[in-house]
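For reference, the structure discussed in these notes is given below.
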Amino acid sequence: MKNDVFVVAAKRSAVGRAPKGQLSSIRADDIISQVTKGLLNSLPHFDYSTINDLILGCAMPEGEQGLNLARIVSLMSDLPTSVAGMTLNRFCASGLSAIELAYQKIAVGSAKMILAGGVESMSRVPMGGFRSTLNPDFLLDPTGRTLALGMGQTAENLAKQWQISRDEQDQYALTSHHRAVNAQQLGYFEEEIIPLSVRQQQLDLVNLTLSNDNLTVTKDECPRADSTLESLSRLKPVFDVKGSVTAGNSSPLSDGAAMLLLANETALQEHNLTPLARIIGFHTTGVPPHIMGIGPVEAVPPLLHRHGINRNELDWIELNEAFAAQVLAVQKTCQFDADKLNPQGSAIALGHPLGATGAIRATSLIHGLRRIKGRYGLVTLCVGMGQGIAALFERV
């Protein structure tokens with residue numbers, strides 16, 4: 001018998017721009033532990049010992065993000081030692097996969113309540129990690145399964161194959177910024193963001209003094225109110241001199257985290273908890289690595305079909321914006337309603353802290369669905385090395 005699984009709470013940090021933004025001086029474990037504490041504090045008179053596990057996604061689990069980060073975060077978040085911890089990696093989908101694993105454990109009855117989310121500090125642990133360890137024979141595999149292409153080049157491949165122009169990409173990027181800035185001005189993100197306390201140190205080389213300033217971070221750093229088509233059009237291609245993918249129509253390097261609390265119906269009743277949403281299901285798949293951005297095209301239809309939901313029934317769609325070319329290729333194929341697609345902007349404007357992004361997008365979706373009183377919401381991402389993931393939520 002499958003148990004229904006509900007989201008009881010969903011919180012995130014503001015997202016900072018890497019490598020020198022507002023979160024660059026704080027470690028990943030400090031970011032996610034502050035978010036976790038903030039989430040738990042939003043549930044007063046709640047017995048933390050009833051939580052069975054903490055599952056955390058991280059795309060580059062090494063250095064400060066290594067050594068089973070989830071267990072470290074469990075201990076740093078003032079949880080009882082009985083709350084275990086597990087770190088997993090599915091690159092850009094790590095945070096959403098953490099939620100999926102928690103969902104599966106609760107659905108089959110091996111747990112009642114689990115914390116699940118993701119974190120990434122791209123300021124402190126670089127993309128690709130500190131030392132590349134890819135097998136050179138696989139890296140140069142001539143069969144088409146190669147990993148030699150950078151993510152940006154895969155976006156260029158999509159732009160060419162789906163005939164997506166530079167102007168289309170820049171226009172989409174501008175829309176993302178406009179929507180994100182509008183959501184900020186209307187206060188839409190305030191309910192989901194946990195303020196972070198960040199200590200910043202500044203060295204005065206003239207007077208040889210070191211100052212410590214405490215900063216409270218409450219607002220996403222990457223959205224640009226001053227972005228224009230003219231400014232975007234002046235940017236040069238980054239990955240192919242004759243290409244169309246630029247820094248302006250790609251997601252920026254970012255830092256951030258999100259955490260969700262999942263529970264079954266028994267736990268809701270035992271602890272008098274009111275759910276925000278019900279998780280309907282997930283689907284993951286693989287796609288050719290050289291067009292990895294097309295992953296949602298293969299992940300979304302099987303998920304909708306399995307649960308008997310038509311795409312026109314979706315009230316909110318969070319399609320992660322790794323690149324504008326990637327989003328537009330998926331949009332042209334899946335024919336999502338443009339008004340329901342990323343209505344508050346997405347990664348181009350809001351940032352893409354790899355292992356955290358899936359959990360961040362899920363958090364924004366859940367709060368967005370409640371605000372508009374929609375029913376069904378979809379979160380979907382492409383994933384490095386050629387994968388796709390999709391998740392369905394229902395507001396309750």
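Here's how to read the names in the structure tokens: chain A, B, ... by the order shown, residue numbers from 1 in each chain, ligand numbers from 1 in the order shown.
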### Task
From a DSSP calculation on the backbone, collect every residue of region 60-191 of chain A in strand (DSSP E or B) and output the set as a ChimeraX atom specification.
/A:86-88,113-121
### Query
Could you name the residues that touch region 94-97 of chain A at 9 Å or less, counting only C-alpha atoms, but leaving out those on the same chain fewer than 3 positions away, as a count of residues only?
35
## Note on the structure
Between A:Ile348, A:Leu392, A:Gln335, A:Met292, smallest distance to Ser227 (chain A) by only C-alpha atoms belongs to A:Ile348
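For the atom pair formed by CA of His177 (chain A) and CA of Ala18 (chain A), the distance is 17.6 Å, given to one decimal.
For the pair CA of Leu69 (chain A) and CA of Ser33 (chain A), the separation is 10.4 Å.
The space between CA of Val125 (chain A) and CA of Leu67 (chain A) spans 13.8 Å.
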### Query
Got a sec: who's within 12 Å of Gly16 (chain A), counting only C-alpha atoms, leaving out chain neighbours fewer than 6 positions off, as a PyMOL selection string?
chain A and resi 22-26+28+31+120-123+196+198+217-223+252-257+347+349-353
Taking only region 133-304 of chain A into account, list the residues labelled helix (DSSP H, G or I) by DSSP (computed from the backbone), as a short mmCIF file (atom, residue, chain, number, x, y, z; two decimals) with C-alpha atoms, in the first residue's frame.
data_model
loop_
_atom_site.label_atom_id
_atom_site.label_comp_id
_atom_site.auth_asym_id
_atom_site.auth_seq_id
_atom_site.Cartn_x
_atom_site.Cartn_y
_atom_site.Cartn_z
CA PRO A 136 40.21 10.21 -20.43
CA ASP A 137 39.05 7.27 -22.56
CA PHE A 138 35.43 8.12 -21.77
CA LEU A 139 36.03 11.86 -22.13
CA MET A 151 27.38 22.77 -20.78
CA GLY A 152 27.42 25.94 -22.86
CA GLN A 153 28.32 24.02 -26.01
CA THR A 154 25.35 21.71 -25.46
CA ALA A 155 23.16 24.83 -25.40
CA GLU A 156 24.71 25.94 -28.70
CA ASN A 157 23.83 22.51 -30.13
CA LEU A 158 20.19 22.99 -29.09
CA ALA A 159 20.07 26.49 -30.55
CA LYS A 160 21.24 25.16 -33.91
CA GLN A 161 19.09 22.01 -33.94
CA ARG A 166 20.15 35.01 -30.59
CA ASP A 167 17.32 37.54 -30.41
CA GLU A 168 14.89 34.90 -29.11
CA GLN A 169 17.35 33.93 -26.40
CA ASP A 170 18.00 37.51 -25.32
CA GLN A 171 14.30 38.31 -25.30
CA TYR A 172 13.62 35.29 -23.12
CA ALA A 173 16.42 36.28 -20.73
CA LEU A 174 14.99 39.79 -20.46
CA THR A 175 11.55 38.38 -19.64
CA SER A 176 13.07 36.24 -16.90
CA HIS A 177 14.67 39.31 -15.29
CA HIS A 178 11.49 41.37 -15.59
CA ARG A 179 9.40 38.63 -13.98
CA ALA A 180 11.90 38.07 -11.16
CA VAL A 181 12.20 41.80 -10.39
CA ASN A 182 8.42 42.11 -10.42
CA ALA A 183 8.08 39.17 -8.00
CA GLN A 184 10.64 40.78 -5.70
CA GLN A 185 8.87 44.13 -5.74
CA LEU A 229 17.65 44.05 -24.95
CA GLU A 230 20.30 46.53 -26.03
CA SER A 231 22.63 45.61 -23.16
CA LEU A 232 22.05 41.89 -23.69
CA SER A 233 22.71 42.17 -27.43
CA GLU A 265 -0.84 11.50 6.70
CA THR A 266 -0.28 9.75 10.03
CA ALA A 267 2.48 12.22 10.93
CA LEU A 268 0.23 15.14 9.96
CA GLN A 269 -2.44 13.93 12.37
CA GLU A 270 -0.05 13.04 15.19
CA HIS A 271 1.60 16.46 15.15
CA PRO A 289 24.89 14.27 -23.37
CA HIS A 290 25.58 16.62 -26.29
CA ILE A 291 21.99 17.94 -26.08
CA MET A 292 21.58 17.48 -22.33
CA GLY A 293 19.26 20.50 -22.09
CA ILE A 294 16.46 18.61 -23.79
CA GLY A 295 16.07 16.34 -20.75
CA PRO A 296 12.62 17.71 -19.70
CA VAL A 297 11.19 16.75 -23.11
CA GLU A 298 11.76 13.09 -22.24
CA ALA A 299 10.95 13.35 -18.52
CA VAL A 300 7.68 15.30 -18.50
CA PRO A 301 5.33 13.37 -20.86
CA PRO A 302 5.72 9.96 -19.12
CA LEU A 303 5.07 11.60 -15.76
CA LEU A 304 1.92 13.37 -16.92
#
### Message
Taking 2 positions as the minimum chain separation for residues in the same chain, which residues sit within 8 Å of Ala329 (chain A) when counting only C-alpha atoms? Answer as a ChimeraX atom specification.
### Response
/A:158-159,162,164,294,325-327,331-333
#### Entry: Test item: residues at most 6 Å from region 311-319 of chain A, only C-alpha atoms, excluding those fewer than 2 positions along its chain, as a list in words
Lys340, Leu341, Asn342, Gly374, Tyr376, Gly377, Leu378, Val379, Thr380 and Leu381 of chain A
Selected residues, N, CA and C atoms, written as a PDB file, in the first residue's frame, please.
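Everything below was put into again.pdb:
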ATOM      1  N   LYS A 340       2.186  30.455 -17.884  1.00  0.00           N
ATOM      2  CA  LYS A 340       2.339  29.608 -16.697  1.00  0.00           C
ATOM      3  C   LYS A 340       3.777  29.120 -16.528  1.00  0.00           C
ATOM      4  N   LEU A 341       4.615  29.401 -17.512  1.00  0.00           N
ATOM      5  CA  LEU A 341       6.001  28.948 -17.498  1.00  0.00           C
ATOM      6  C   LEU A 341       6.885  29.974 -16.790  1.00  0.00           C
ATOM      7  N   ASN A 342       7.455  29.587 -15.666  1.00  0.00           N
ATOM      8  CA  ASN A 342       8.355  30.456 -14.905  1.00  0.00           C
ATOM      9  C   ASN A 342       7.778  31.862 -14.693  1.00  0.00           C
ATOM     10  N   GLY A 374      -3.835  27.710  -7.421  1.00  0.00           N
ATOM     11  CA  GLY A 374      -3.806  26.712  -8.485  1.00  0.00           C
ATOM     12  C   GLY A 374      -3.816  25.311  -7.901  1.00  0.00           C
ATOM     13  N   TYR A 376      -2.381  22.061  -9.865  1.00  0.00           N
ATOM     14  CA  TYR A 376      -1.232  21.233 -10.234  1.00  0.00           C
ATOM     15  C   TYR A 376      -0.028  22.096 -10.607  1.00  0.00           C
ATOM     16  N   GLY A 377       1.149  21.648 -10.162  1.00  0.00           N
ATOM     17  CA  GLY A 377       2.388  22.316 -10.517  1.00  0.00           C
ATOM     18  C   GLY A 377       3.451  21.316 -10.932  1.00  0.00           C
ATOM     19  N   LEU A 378       4.308  21.727 -11.858  1.00  0.00           N
ATOM     20  CA  LEU A 378       5.371  20.877 -12.402  1.00  0.00           C
ATOM     21  C   LEU A 378       6.720  21.540 -12.192  1.00  0.00           C
ATOM     22  N   VAL A 379       7.688  20.764 -11.705  1.00  0.00           N
ATOM     23  CA  VAL A 379       9.086  21.194 -11.645  1.00  0.00           C
ATOM     24  C   VAL A 379       9.878  20.268 -12.553  1.00  0.00           C
ATOM     25  N   THR A 380      10.689  20.837 -13.445  1.00  0.00           N
ATOM     26  CA  THR A 380      11.475  19.997 -14.347  1.00  0.00           C
ATOM     27  C   THR A 380      12.812  20.654 -14.647  1.00  0.00           C
ATOM     28  N   LEU A 381      13.837  19.827 -14.771  1.00  0.00           N
ATOM     29  CA  LEU A 381      15.197  20.304 -15.015  1.00  0.00           C
ATOM     30  C   LEU A 381      15.910  19.415 -16.014  1.00  0.00           C
TER      31      LEU A 381
END
